[in-house]
>>> print(open('input-v6.pdb').read())   # PDB, C-alpha atoms and all ligand atoms
ATOM      1  CA  MET R   1      77.682 112.318  88.920
ATOM      2  CA  SER R   2      78.380 110.210  85.866
ATOM      3  CA  ASN R   3      81.318 108.070  84.860
ATOM      4  CA  SER R   4      82.033 106.361  81.584
ATOM      5  CA  GLY R   5      83.647 103.254  83.065
ATOM      6  CA  PRO R   6      81.945 100.044  84.178
ATOM      7  CA  ARG R   7      79.950 100.074  87.420
ATOM      8  CA  ILE R   8      80.927  97.045  89.449
ATOM      9  CA  VAL R   9      79.362  95.779  92.688
ATOM     10  CA  ILE R  10      81.419  93.348  94.787
ATOM     11  CA  THR R  11      80.235  91.789  98.031
ATOM     12  CA  GLY R  12      82.843  90.400 100.416
ATOM     13  CA  ALA R  13      85.381  92.916  99.109
ATOM     14  CA  SER R  14      87.313  93.346 102.364
ATOM     15  CA  SER R  15      89.551  90.324 101.801
ATOM     16  CA  GLY R  16      90.517  87.363  99.648
ATOM     17  CA  ILE R  17      88.702  86.802  96.376
ATOM     18  CA  GLY R  18      86.488  89.914  96.556
ATOM     19  CA  GLU R  19      89.452  92.188  97.159
ATOM     20  CA  ALA R  20      91.371  90.507  94.311
ATOM     21  CA  PHE R  21      88.406  91.027  91.957
ATOM     22  CA  ALA R  22      88.383  94.749  92.754
ATOM     23  CA  LEU R  23      92.142  95.088  92.186
ATOM     24  CA  GLU R  24      91.976  93.175  88.898
ATOM     25  CA  TYR R  25      89.044  95.208  87.562
ATOM     26  CA  SER R  26      90.618  98.515  88.598
ATOM     27  CA  ALA R  27      93.829  97.538  86.764
ATOM     28  CA  ARG R  28      91.818  96.766  83.610
ATOM     29  CA  HIS R  29      89.396  99.688  83.961
ATOM     30  CA  PRO R  30      90.923 102.711  85.745
ATOM     31  CA  ASP R  31      87.658 104.564  84.993
ATOM     32  CA  ALA R  32      85.513 101.981  86.841
ATOM     33  CA  VAL R  33      83.169 102.821  89.708
ATOM     34  CA  PHE R  34      82.890 100.246  92.495
ATOM     35  CA  ALA R  35      80.360  99.541  95.196
ATOM     36  CA  LEU R  36      82.215  97.513  97.815
ATOM     37  CA  PHE R  37      80.360  95.576 100.505
ATOM     38  CA  ALA R  38      81.632  93.867 103.681
ATOM     39  CA  ARG R  39      81.345  94.335 107.441
ATOM     40  CA  ARG R  40      84.901  95.625 107.993
ATOM     41  CA  GLY R  41      84.709  99.229 106.811
ATOM     42  CA  ASP R  42      88.376  99.946 107.565
ATOM     43  CA  LYS R  43      89.471  97.241 105.132
ATOM     44  CA  LEU R  44      87.075  98.554 102.486
ATOM     45  CA  SER R  45      88.378 102.133 102.867
ATOM     46  CA  ASP R  46      91.941 100.899 102.565
ATOM     47  CA  LEU R  47      91.046  98.967  99.403
ATOM     48  CA  ALA R  48      89.171 101.965  97.967
ATOM     49  CA  ARG R  49      92.374 104.015  98.201
ATOM     50  CA  ARG R  50      94.311 101.293  96.368
ATOM     51  CA  LEU R  51      91.779 101.238  93.531
ATOM     52  CA  ALA R  52      92.452 104.871  92.508
ATOM     53  CA  PRO R  53      92.024 106.390  89.994
ATOM     54  CA  ALA R  54      88.949 104.131  89.892
ATOM     55  CA  LYS R  55      86.274 105.366  92.277
ATOM     56  CA  ALA R  56      84.893 103.220  95.073
ATOM     57  CA  TRP R  57      81.892 103.596  97.365
ATOM     58  CA  CYS R  58      82.187 101.558 100.553
ATOM     59  CA  PHE R  59      79.177 100.039 102.301
ATOM     60  CA  ALA R  60      80.174  98.552 105.641
ATOM     61  CA  ILE R  61      77.140  96.385 106.298
ATOM     62  CA  ASP R  62      76.307  92.825 107.181
ATOM     63  CA  ILE R  63      75.148  91.380 103.866
ATOM     64  CA  THR R  64      72.344  89.480 105.632
ATOM     65  CA  ASP R  65      70.795  92.824 106.651
ATOM     66  CA  ARG R  66      68.392  93.068 103.712
ATOM     67  CA  GLU R  67      67.149  96.583 104.557
ATOM     68  CA  ALA R  68      70.686  97.955 104.762
ATOM     69  CA  LEU R  69      71.584  96.191 101.524
ATOM     70  CA  LEU R  70      68.592  97.625  99.660
ATOM     71  CA  ALA R  71      69.283 101.124 101.009
ATOM     72  CA  ALA R  72      72.936 100.911  99.940
ATOM     73  CA  ALA R  73      71.968  99.666  96.484
ATOM     74  CA  GLU R  74      69.486 102.530  96.037
ATOM     75  CA  GLN R  75      72.083 105.057  97.207
ATOM     76  CA  PHE R  76      74.656 103.749  94.728
ATOM     77  CA  MET R  77      72.211 103.560  91.814
ATOM     78  CA  ALA R  78      70.843 107.061  92.487
ATOM     79  CA  GLU R  79      74.360 108.326  91.870
ATOM     80  CA  PHE R  80      75.595 106.033  89.100
ATOM     81  CA  GLY R  81      72.663 104.075  87.700
ATOM     82  CA  ALA R  82      72.335 100.318  87.377
ATOM     83  CA  PRO R  83      75.555  98.316  87.704
ATOM     84  CA  ASP R  84      77.151  96.499  84.781
ATOM     85  CA  ILE R  85      78.426  93.663  86.948
ATOM     86  CA  VAL R  86      77.305  92.370  90.359
ATOM     87  CA  ILE R  87      79.651  89.836  91.957
ATOM     88  CA  ALA R  88      77.986  88.084  94.912
ATOM     89  CA  ASN R  89      81.083  86.751  96.601
ATOM     90  CA  ALA R  90      80.619  87.275 100.362
ATOM     91  CA  GLY R  91      80.769  83.924 102.078
ATOM     92  CA  ILE R  92      81.767  82.027 105.187
ATOM     93  CA  SER R  93      82.921  78.500 105.851
ATOM     94  CA  ALA R  94      83.072  76.330 108.953
ATOM     95  CA  GLY R  95      82.699  72.692 109.773
ATOM     96  CA  THR R  96      79.273  71.593 111.004
ATOM     97  CA  LEU R  97      77.946  68.330 112.407
ATOM     98  CA  THR R  98      74.250  67.541 112.651
ATOM     99  CA  SER R  99      74.957  65.548 115.828
ATOM    100  CA  GLU R 100      76.217  68.678 117.621
ATOM    101  CA  ARG R 101      73.503  70.993 118.956
ATOM    102  CA  ALA R 102      75.928  73.898 119.047
ATOM    103  CA  ASP R 103      76.312  73.686 115.280
ATOM    104  CA  ALA R 104      72.654  74.430 114.492
ATOM    105  CA  PRO R 105      73.067  78.233 114.500
ATOM    106  CA  VAL R 106      76.307  77.888 112.531
ATOM    107  CA  PHE R 107      74.472  75.846 109.890
ATOM    108  CA  ARG R 108      71.754  78.492 109.682
ATOM    109  CA  ARG R 109      74.260  81.339 109.459
ATOM    110  CA  ILE R 110      76.207  79.681 106.633
ATOM    111  CA  ILE R 111      73.023  79.227 104.616
ATOM    112  CA  ASP R 112      71.965  82.835 105.375
ATOM    113  CA  VAL R 113      75.254  84.374 104.251
ATOM    114  CA  ASN R 114      76.139  82.048 101.377
ATOM    115  CA  VAL R 115      72.695  81.509  99.861
ATOM    116  CA  VAL R 116      70.009  83.919 101.089
ATOM    117  CA  ALA R 117      72.259  86.987 101.013
ATOM    118  CA  LEU R 118      73.498  85.998  97.555
ATOM    119  CA  PHE R 119      69.888  86.094  96.374
ATOM    120  CA  ASP R 120      69.349  89.444  98.133
ATOM    121  CA  SER R 121      72.510  90.902  96.589
ATOM    122  CA  PHE R 122      71.227  90.226  93.085
ATOM    123  CA  ALA R 123      67.630  91.153  93.912
ATOM    124  CA  ALA R 124      68.740  94.617  95.079
ATOM    125  CA  PHE R 125      70.085  95.509  91.628
ATOM    126  CA  LEU R 126      68.244  93.273  89.164
ATOM    127  CA  PRO R 127      65.129  95.402  88.435
ATOM    128  CA  ALA R 128      67.329  98.370  87.450
ATOM    129  CA  MET R 129      69.556  96.126  85.339
ATOM    130  CA  ARG R 130      66.542  94.609  83.618
ATOM    131  CA  ALA R 131      65.273  98.096  82.793
ATOM    132  CA  ARG R 132      68.521  98.631  80.858
ATOM    133  CA  ARG R 133      68.381  95.082  79.461
ATOM    134  CA  ALA R 134      72.078  94.745  80.230
ATOM    135  CA  GLY R 135      74.442  93.497  82.887
ATOM    136  CA  THR R 136      76.075  90.431  84.364
ATOM    137  CA  LEU R 137      75.362  88.671  87.652
ATOM    138  CA  VAL R 138      78.272  86.618  88.963
ATOM    139  CA  GLY R 139      77.840  84.092  91.771
ATOM    140  CA  ILE R 140      80.787  82.571  93.588
ATOM    141  CA  ALA R 141      80.034  78.917  94.287
ATOM    142  CA  SER R 142      82.635  76.222  95.068
ATOM    143  CA  VAL R 143      83.848  72.798  94.020
ATOM    144  CA  ALA R 144      82.645  71.873  97.536
ATOM    145  CA  GLY R 145      79.114  72.127  96.115
ATOM    146  CA  VAL R 146      79.626  69.255  93.676
ATOM    147  CA  ARG R 147      79.394  66.505  96.334
ATOM    148  CA  GLY R 148      78.611  66.570 100.055
ATOM    149  CA  LEU R 149      81.886  66.762 101.974
ATOM    150  CA  PRO R 150      81.958  65.101 105.403
ATOM    151  CA  GLY R 151      82.034  67.587 108.277
ATOM    152  CA  ALA R 152      81.049  70.440 105.955
ATOM    153  CA  GLY R 153      77.341  69.770 105.408
ATOM    154  CA  ALA R 154      76.341  73.420 105.680
ATOM    155  CA  TYR R 155      79.068  74.695 103.397
ATOM    156  CA  SER R 156      78.629  71.955 100.768
ATOM    157  CA  ALA R 157      74.845  72.387 100.872
ATOM    158  CA  SER R 158      75.172  76.173 100.567
ATOM    159  CA  LYS R 159      77.393  75.894  97.512
ATOM    160  CA  ALA R 160      75.259  73.170  95.887
ATOM    161  CA  ALA R 161      72.255  75.464  96.429
ATOM    162  CA  THR R 162      74.230  78.352  94.944
ATOM    163  CA  ILE R 163      75.065  76.368  91.804
ATOM    164  CA  THR R 164      71.465  75.254  91.281
ATOM    165  CA  TYR R 165      69.962  78.641  92.126
ATOM    166  CA  LEU R 166      72.297  80.399  89.684
ATOM    167  CA  GLU R 167      71.230  77.997  86.965
ATOM    168  CA  SER R 168      67.562  78.871  87.540
ATOM    169  CA  LEU R 169      68.483  82.551  87.487
ATOM    170  CA  ARG R 170      70.423  82.153  84.249
ATOM    171  CA  LEU R 171      67.385  80.729  82.481
ATOM    172  CA  GLU R 172      65.051  83.318  83.996
ATOM    173  CA  GLU R 173      67.172  86.282  82.958
ATOM    174  CA  ARG R 174      68.135  85.087  79.468
ATOM    175  CA  ALA R 175      65.243  86.856  77.809
ATOM    176  CA  HIS R 176      65.906  90.072  79.752
ATOM    177  CA  GLY R 177      69.434  90.715  78.501
ATOM    178  CA  ILE R 178      71.083  89.752  81.815
ATOM    179  CA  ARG R 179      73.929  87.239  81.835
ATOM    180  CA  VAL R 180      74.527  84.940  84.781
ATOM    181  CA  VAL R 181      77.992  83.515  85.409
ATOM    182  CA  THR R 182      78.694  80.786  87.968
ATOM    183  CA  ILE R 183      82.273  80.480  89.168
ATOM    184  CA  ALA R 184      83.285  77.473  91.249
ATOM    185  CA  PRO R 185      86.705  78.047  92.802
ATOM    186  CA  GLY R 186      88.857  75.122  93.855
ATOM    187  CA  TYR R 187      91.354  75.944  96.614
ATOM    188  CA  ILE R 188      92.387  79.600  96.506
ATOM    189  CA  ARG R 189      94.946  81.123  98.891
ATOM    190  CA  THR R 190      92.859  83.510 101.058
ATOM    191  CA  PRO R 191      92.168  83.956 104.782
ATOM    192  CA  MET R 192      89.374  81.372 104.382
ATOM    193  CA  THR R 193      91.814  78.611 103.429
ATOM    194  CA  ALA R 194      94.755  79.870 105.538
ATOM    195  CA  VAL R 195      93.214  78.113 108.562
ATOM    196  CA  ASN R 196      93.054  74.705 106.867
ATOM    197  CA  ARG R 197      95.504  72.206 108.321
ATOM    198  CA  TYR R 198      95.328  69.697 105.467
ATOM    199  CA  PRO R 199      96.760  69.480 101.949
ATOM    200  CA  MET R 200      94.847  71.572  99.406
ATOM    201  CA  PRO R 201      95.395  70.255  95.855
ATOM    202  CA  PHE R 202      96.094  72.852  93.148
ATOM    203  CA  LEU R 203      96.046  75.725  95.682
ATOM    204  CA  MET R 204      95.988  78.888  93.529
ATOM    205  CA  PRO R 205      97.242  82.415  94.335
ATOM    206  CA  VAL R 206      94.295  84.775  94.634
ATOM    207  CA  ASP R 207      95.528  87.306  92.058
ATOM    208  CA  ALA R 208      95.907  84.556  89.423
ATOM    209  CA  PHE R 209      92.404  83.386  90.297
ATOM    210  CA  ALA R 210      90.999  86.899  89.811
ATOM    211  CA  ARG R 211      92.716  87.296  86.427
ATOM    212  CA  ARG R 212      91.193  84.052  85.188
ATOM    213  CA  ALA R 213      87.778  84.794  86.685
ATOM    214  CA  VAL R 214      87.597  88.244  85.073
ATOM    215  CA  ASP R 215      88.439  86.647  81.711
ATOM    216  CA  VAL R 216      85.631  84.120  82.250
ATOM    217  CA  ILE R 217      83.168  86.909  83.077
ATOM    218  CA  ALA R 218      84.266  88.990  80.056
ATOM    219  CA  ALA R 219      83.773  85.948  77.830
ATOM    220  CA  GLY R 220      80.242  85.524  79.210
ATOM    221  CA  ARG R 221      80.823  81.877  80.133
ATOM    222  CA  SER R 222      77.924  80.385  82.054
ATOM    223  CA  PHE R 223      80.005  78.156  84.372
ATOM    224  CA  ALA R 224      83.688  77.810  85.153
ATOM    225  CA  VAL R 225      85.776  75.890  87.641
ATOM    226  CA  ILE R 226      88.995  77.750  88.518
ATOM    227  CA  PRO R 227      91.785  76.584  88.474
ATOM    228  CA  ARG R 228      91.292  74.478  85.359
ATOM    229  CA  SER R 229      93.043  71.484  86.969
ATOM    230  CA  MET R 230      90.207  71.384  89.514
ATOM    231  CA  ARG R 231      87.682  71.074  86.683
ATOM    232  CA  VAL R 232      88.809  67.514  86.075
ATOM    233  CA  VAL R 233      88.448  66.788  89.794
ATOM    234  CA  ALA R 234      84.954  68.308  89.817
ATOM    235  CA  LEU R 235      83.869  66.267  86.792
ATOM    236  CA  ALA R 236      85.289  63.065  88.290
ATOM    237  CA  LEU R 237      83.600  63.773  91.640
ATOM    238  CA  ARG R 238      80.258  64.245  89.915
ATOM    239  CA  MET R 239      80.570  60.921  88.115
ATOM    240  CA  LEU R 240      81.785  58.734  90.996
ATOM    241  CA  PRO R 241      79.191  56.185  92.129
ATOM    242  CA  ASN R 242      78.241  56.527  95.796
ATOM    243  CA  TRP R 243      80.012  53.331  96.881
ATOM    244  CA  LEU R 244      83.305  54.613  95.516
ATOM    245  CA  TYR R 245      82.794  58.212  96.662
ATOM    246  CA  ASP R 246      81.986  56.960 100.185
ATOM    247  CA  ALA R 247      85.054  54.727 100.283
ATOM    248  CA  LEU R 248      87.333  57.513  99.104
ATOM    249  CA  PHE R 249      85.912  60.434 101.106
ATOM    250  CA  ALA R 250      84.585  59.045 104.401
ATOM    251  CA  ARG R 251      87.894  59.847 106.052
ATOM    252  CA  ALA R 252      88.618  63.046 104.104
ATOM    253  CA  PRO R 253      90.114  65.871 106.198
ATOM    254  CA  ARG R 254      87.489  68.078 107.797
ATOM    255  CA  LYS R 255      87.095  71.819 108.095
ATOM    256  CA  ALA R 256      87.389  73.013 111.698
ATOM    257  CA  ARG R 257      84.099  73.526 113.553
ATOM    258  CA  VAL R 258      83.237  76.655 115.467
ATOM    259  CA  THR R 259      80.721  76.937 118.250
ATOM    260  CA  ASP R 260      80.376  80.664 117.619
ATOM    261  CA  ALA R 261      77.017  81.397 115.972
ATOM    262  CA  HIS R 262      78.574  84.118 113.806
ATOM    263  CA  PRO R 263      81.776  82.820 112.219
TER     264      PRO R 263
HETATM  265  P1  LIG R 301      87.583  85.476 102.860
HETATM  266  O1  LIG R 301      88.935  85.989 102.572
HETATM  267  O2  LIG R 301      87.256  84.984 104.223
HETATM  268  O3  LIG R 301      86.540  86.615 102.432
HETATM  269  C1  LIG R 301      85.181  86.514 102.710
HETATM  270  C2  LIG R 301      84.552  87.863 102.447
HETATM  271  O4  LIG R 301      83.153  87.766 102.722
HETATM  272  C3  LIG R 301      85.124  88.943 103.351
HETATM  273  O5  LIG R 301      85.285  90.129 102.611
HETATM  274  C4  LIG R 301      84.049  89.119 104.404
HETATM  275  O6  LIG R 301      84.034  90.465 104.856
HETATM  276  C5  LIG R 301      82.790  88.836 103.586
HETATM  277  N1  LIG R 301      81.676  88.469 104.446
HETATM  278  C6  LIG R 301      81.540  87.331 105.190
HETATM  279  N2  LIG R 301      80.414  87.393 105.903
HETATM  280  C7  LIG R 301      79.816  88.568 105.598
HETATM  281  C8  LIG R 301      78.631  89.202 106.025
HETATM  282  N3  LIG R 301      77.798  88.633 106.912
HETATM  283  N4  LIG R 301      78.347  90.428 105.526
HETATM  284  C9  LIG R 301      79.169  91.020 104.640
HETATM  285  N5  LIG R 301      80.306  90.469 104.193
HETATM  286  C10 LIG R 301      80.619  89.253 104.677
HETATM  287  O7  LIG R 301      87.210  84.266 101.901
HETATM  288  P2  LIG R 301      87.418  84.042 100.322
HETATM  289  O8  LIG R 301      88.210  82.819 100.187
HETATM  290  O9  LIG R 301      87.842  85.290  99.648
HETATM  291  O10 LIG R 301      85.925  83.667  99.919
HETATM  292  C11 LIG R 301      85.148  84.435  99.018
HETATM  293  C12 LIG R 301      84.089  83.538  98.420
HETATM  294  O11 LIG R 301      84.727  82.499  97.665
HETATM  295  C13 LIG R 301      83.200  82.833  99.433
HETATM  296  O12 LIG R 301      81.881  82.789  98.950
HETATM  297  C14 LIG R 301      83.780  81.430  99.494
HETATM  298  O13 LIG R 301      82.840  80.480  99.914
HETATM  299  C15 LIG R 301      84.190  81.251  98.052
HETATM  300  N6  LIG R 301      85.184  80.205  97.847
HETATM  301  C16 LIG R 301      86.452  80.335  98.322
HETATM  302  C17 LIG R 301      87.369  79.314  98.111
HETATM  303  C18 LIG R 301      88.791  79.395  98.570
HETATM  304  O14 LIG R 301      89.534  78.415  98.380
HETATM  305  N7  LIG R 301      89.249  80.509  99.150
HETATM  306  C19 LIG R 301      86.977  78.161  97.425
HETATM  307  C20 LIG R 301      85.672  78.052  96.975
HETATM  308  C21 LIG R 301      84.782  79.088  97.180
HETATM  309  P3  LIG R 301      83.830  90.933 106.406
HETATM  310  O15 LIG R 301      84.367  89.858 107.270
HETATM  311  O16 LIG R 301      84.585  92.214 106.459
HETATM  312  O17 LIG R 301      82.358  91.129 106.530
END
>>> encode(input="input-v6.pdb", output="structure tokens")
Amino acid sequence: MSNSGPRIVITGASSGIGEAFALEYSARHPDAVFALFARRGDKLSDLARRLAPAKAWCFAIDITDREALLAAAEQFMAEFGAPDIVIANAGISAGTLTSERADAPVFRRIIDVNVVALFDSFAAFLPAMRARRAGTLVGIASVAGVRGLPGAGAYSASKAATITYLESLRLEERAHGIRVVTIAPGYIRTPMTAVNRYPMPFLMPVDAFARRAVDVIAAGRSFAVIPRSMRVVALALRMLPNWLYDALFARAPRKARVTDAHP
């Protein structure tokens, strides 16, 4: 079965930013074909209906299940060929403290989902994209990856790793016709931030975020902080000397911890 529209893979499409990406792309490209990944298949099926007339294939898997991910990627590509865009967006967030034994599996899980599965998501499609010498890989990082936030060591580390990894990937793929786009959201209104009980500067509606992010991807920008107002914050954070950063952030509000190993 062939389709003339763009083939777009989105992980973490069952809610928040991933869902908003799918809705924005389907509005711009009614002839698009989507591969949607997340654990909650019911949410994916519901979204797939809302994307019509664009077509959507739903893969209700845990993104850390590499075998399932590879099988799904092969299934999709056998039907439609290599994707034009892969957005590795699936992610989790929870507070973690090194002093708390119960947080060790949470730390590991955050790194697995946010970093290792991001790598696997690209790796599943990249050889086929390289063969066409075309396509864009989009990684969703975070402003939280610019400096280590207290109480969020796993999340900050995962997003710092994401930013650095994507930079390596960008250089590696340059000569192969593959673009790599890093997007670092500030605070976006999604279920992930709905649980936060502290002020979130420049909190942005998720549909506005998706509009801006799709523009950034279309323009082939290598790195973007969204919203723009957060870019200034990110730049300032990067430049602050440790003594000042420590004084300002030691008592910053903290993300809630979970003792569940699978947030
Ligand atoms: P969200 O609404 O909680 O969505 C997270 C998505 O990831 C869901 O679709 C979830 O689907 C999926 N997911 C989580 N674990 C998964 C797993 N093991 N396997 C497959 N899918 C999994 O959060 P969001 O705000 O849209 O976050 C999306 C991305 O943006 C994340 O990488 C996050 O770190 C990043 N980000 C968000 C903000 C913000 O302010 N919202 C800021 C910076 C960065 P299932 O639960 O159905 O599996």
>>> axis_aligned_box(input="input-v6.pdb", around="segment 64-76 of chain R", padding_each_side="8 Å", output="JSON")
{"center_x": 70.9, "center_y": 97.3, "center_z": 100.7, "size_x": 23.5, "size_y": 31.6, "size_z": 27.9}
>>> closest_residue(input="input-v6.pdb", among="R:Ala161, R:Ala184, R:Ala68, R:Ala78", to="ligand LIG 301 (chain R)", atoms="only C-alpha atoms and all ligand atoms")
R:Ala184
>>> residues_near_ligand(input="input-v6.pdb", ligand="ligand LIG 301 (chain R)", cutoff="6 Å", atoms="all atoms listed in the file", output="PDB file with C-alpha atoms, in the frame of the given file")
ATOM      1  CA  GLY R  12      82.843  90.400 100.416  1.00  0.00           C
ATOM      2  CA  ALA R  13      85.381  92.916  99.109  1.00  0.00           C
ATOM      3  CA  SER R  14      87.313  93.346 102.364  1.00  0.00           C
ATOM      4  CA  SER R  15      89.551  90.324 101.801  1.00  0.00           C
ATOM      5  CA  GLY R  16      90.517  87.363  99.648  1.00  0.00           C
ATOM      6  CA  ILE R  17      88.702  86.802  96.376  1.00  0.00           C
ATOM      7  CA  GLY R  18      86.488  89.914  96.556  1.00  0.00           C
ATOM      8  CA  ALA R  38      81.632  93.867 103.681  1.00  0.00           C
ATOM      9  CA  ARG R  39      81.345  94.335 107.441  1.00  0.00           C
ATOM     10  CA  ARG R  40      84.901  95.625 107.993  1.00  0.00           C
ATOM     11  CA  ILE R  61      77.140  96.385 106.298  1.00  0.00           C
ATOM     12  CA  ASP R  62      76.307  92.825 107.181  1.00  0.00           C
ATOM     13  CA  ILE R  63      75.148  91.380 103.866  1.00  0.00           C
ATOM     14  CA  THR R  64      72.344  89.480 105.632  1.00  0.00           C
ATOM     15  CA  ASN R  89      81.083  86.751  96.601  1.00  0.00           C
ATOM     16  CA  ALA R  90      80.619  87.275 100.362  1.00  0.00           C
ATOM     17  CA  GLY R  91      80.769  83.924 102.078  1.00  0.00           C
ATOM     18  CA  ILE R  92      81.767  82.027 105.187  1.00  0.00           C
ATOM     19  CA  VAL R 113      75.254  84.374 104.251  1.00  0.00           C
ATOM     20  CA  ILE R 140      80.787  82.571  93.588  1.00  0.00           C
ATOM     21  CA  ALA R 141      80.034  78.917  94.287  1.00  0.00           C
ATOM     22  CA  SER R 142      82.635  76.222  95.068  1.00  0.00           C
ATOM     23  CA  PRO R 185      86.705  78.047  92.802  1.00  0.00           C
ATOM     24  CA  GLY R 186      88.857  75.122  93.855  1.00  0.00           C
ATOM     25  CA  TYR R 187      91.354  75.944  96.614  1.00  0.00           C
ATOM     26  CA  ILE R 188      92.387  79.600  96.506  1.00  0.00           C
ATOM     27  CA  ARG R 189      94.946  81.123  98.891  1.00  0.00           C
ATOM     28  CA  THR R 190      92.859  83.510 101.058  1.00  0.00           C
ATOM     29  CA  PRO R 191      92.168  83.956 104.782  1.00  0.00           C
ATOM     30  CA  MET R 192      89.374  81.372 104.382  1.00  0.00           C
ATOM     31  CA  THR R 193      91.814  78.611 103.429  1.00  0.00           C
TER      32      THR R 193
END
>>> closest_residue(input="input-v6.pdb", among="R:Val33, R:Pro227, R:Asn114, R:Pro105", to="Val143 of chain R", atoms="all atoms listed in the file")
R:Pro227
>>> atom_distance(input="input-v6.pdb", atom1="atom CA of His176 of chain R", atom2="atom CA of Val86 of chain R")
15.7 Å
>>> residues_around(input="input-v6.pdb", residues="segment 107-111 of chain R", least_positions_apart="4", cutoff="6 Å", atoms="all atoms listed in the file", output="list in words")
Val115, Ala154 and Ser158 of chain R
>>> residues_around(input="input-v6.pdb", residues="segment 29-32 of chain R", least_positions_apart="3", cutoff="9 Å", atoms="only C-alpha atoms", output="MDAnalysis selection string")
chainID R and resid 3:8 24:26 51:56
>>> closest_residue(input="input-v6.pdb", among="R:Leu47, R:Val9, R:Met129, R:Ala256", to="Val195 of chain R", atoms="all atoms listed in the file")
R:Ala256
>>> atom_distance(input="input-v6.pdb", atom1="atom CA of Glu173 of chain R", atom2="atom CA of Asp65 of chain R")
24.8 Å
>>> atom_distance(input="input-v6.pdb", atom1="atom CA of Ile163 of chain R", atom2="atom CA of Val146 of chain R")
8.7 Å
>>> closest_residue(input="input-v6.pdb", among="R:Gly95, R:Phe202, R:Arg170, R:Gly135", to="Ala157 of chain R", atoms="only C-alpha atoms")
R:Gly95
>>> closest_residue(input="input-v6.pdb", among="R:Ile10, R:Ala134, R:Ala160, R:Tyr198", to="Arg174 of chain R", atoms="only C-alpha atoms")
R:Ala134
>>> resolve_selection(input="input-v6.pdb", expression="the PyMOL selection byres (((chain R and resi 59) around 9) and not hetatm)", output="PDB file with C-alpha atoms, in the coordinates of the input")
ATOM      1  CA  ALA R  35      80.360  99.541  95.196  1.00  0.00           C
ATOM      2  CA  LEU R  36      82.215  97.513  97.815  1.00  0.00           C
ATOM      3  CA  PHE R  37      80.360  95.576 100.505  1.00  0.00           C
ATOM      4  CA  ALA R  38      81.632  93.867 103.681  1.00  0.00           C
ATOM      5  CA  ARG R  39      81.345  94.335 107.441  1.00  0.00           C
ATOM      6  CA  GLY R  41      84.709  99.229 106.811  1.00  0.00           C
ATOM      7  CA  LEU R  44      87.075  98.554 102.486  1.00  0.00           C
ATOM      8  CA  TRP R  57      81.892 103.596  97.365  1.00  0.00           C
ATOM      9  CA  CYS R  58      82.187 101.558 100.553  1.00  0.00           C
ATOM     10  CA  ALA R  60      80.174  98.552 105.641  1.00  0.00           C
ATOM     11  CA  ILE R  61      77.140  96.385 106.298  1.00  0.00           C
ATOM     12  CA  LEU R  69      71.584  96.191 101.524  1.00  0.00           C
ATOM     13  CA  ALA R  72      72.936 100.911  99.940  1.00  0.00           C
TER      14      ALA R  72
END
>>> closest_residue(input="input-v6.pdb", among="R:Arg231, R:Arg179, R:Arg257, R:Lys43", to="Ser93 of chain R", atoms="all atoms listed in the file")
R:Arg257
>>> resolve_selection(input="input-v6.pdb", expression="the PyMOL selection byres (((chain R and resi 233-237) around 9) and not hetatm)", output="JSON, numbers by chain")
{"R": [143, 144, 146, 147, 186, 225, 229, 230, 231, 232, 238, 239, 240, 241, 245]}
>>> residues_around(input="input-v6.pdb", residues="Thr98 of chain R", least_positions_apart="2", cutoff="10 Å", atoms="all atoms listed in the file", output="ChimeraX atom specification")
/R:96,100-104,107,151-154
>>> residues_near_point(input="input-v6.pdb", point="(75.6, 81.5, 83.8)", cutoff="7 Å", atoms="only C-alpha atoms", output="list in words")
Leu166, Glu167, Arg170, Arg179, Val180, Val181, Thr182, Arg221, Ser222 and Phe223 of chain R
>>> write_last_selection(input="input-v6.pdb", atoms="C-alpha atoms", output="short mmCIF file (atom, residue, chain, number, x, y, z; two decimals), in the coordinates of the input")
data_model
loop_
_atom_site.label_atom_id
_atom_site.label_comp_id
_atom_site.auth_asym_id
_atom_site.auth_seq_id
_atom_site.Cartn_x
_atom_site.Cartn_y
_atom_site.Cartn_z
CA LEU R 166 72.30 80.40 89.68
CA GLU R 167 71.23 78.00 86.96
CA ARG R 170 70.42 82.15 84.25
CA ARG R 179 73.93 87.24 81.83
CA VAL R 180 74.53 84.94 84.78
CA VAL R 181 77.99 83.52 85.41
CA THR R 182 78.69 80.79 87.97
CA ARG R 221 80.82 81.88 80.13
CA SER R 222 77.92 80.39 82.05
CA PHE R 223 80.00 78.16 84.37
#
>>> residues_around(input="input-v6.pdb", residues="Ser121 of chain R", least_positions_apart="5", cutoff="9 Å", atoms="all atoms listed in the file", output="ChimeraX atom specification")
/R:11,63,66,69-70,73,86-88,116,126
>>> resolve_selection(input="input-v6.pdb", expression="the PyMOL selection byres (((chain R and resi 212) around 12) and not hetatm)", output="VMD selection string")
chain R and resid 17 20 to 21 24 to 25 183 to 185 204 to 211 213 to 219 221 224 to 228
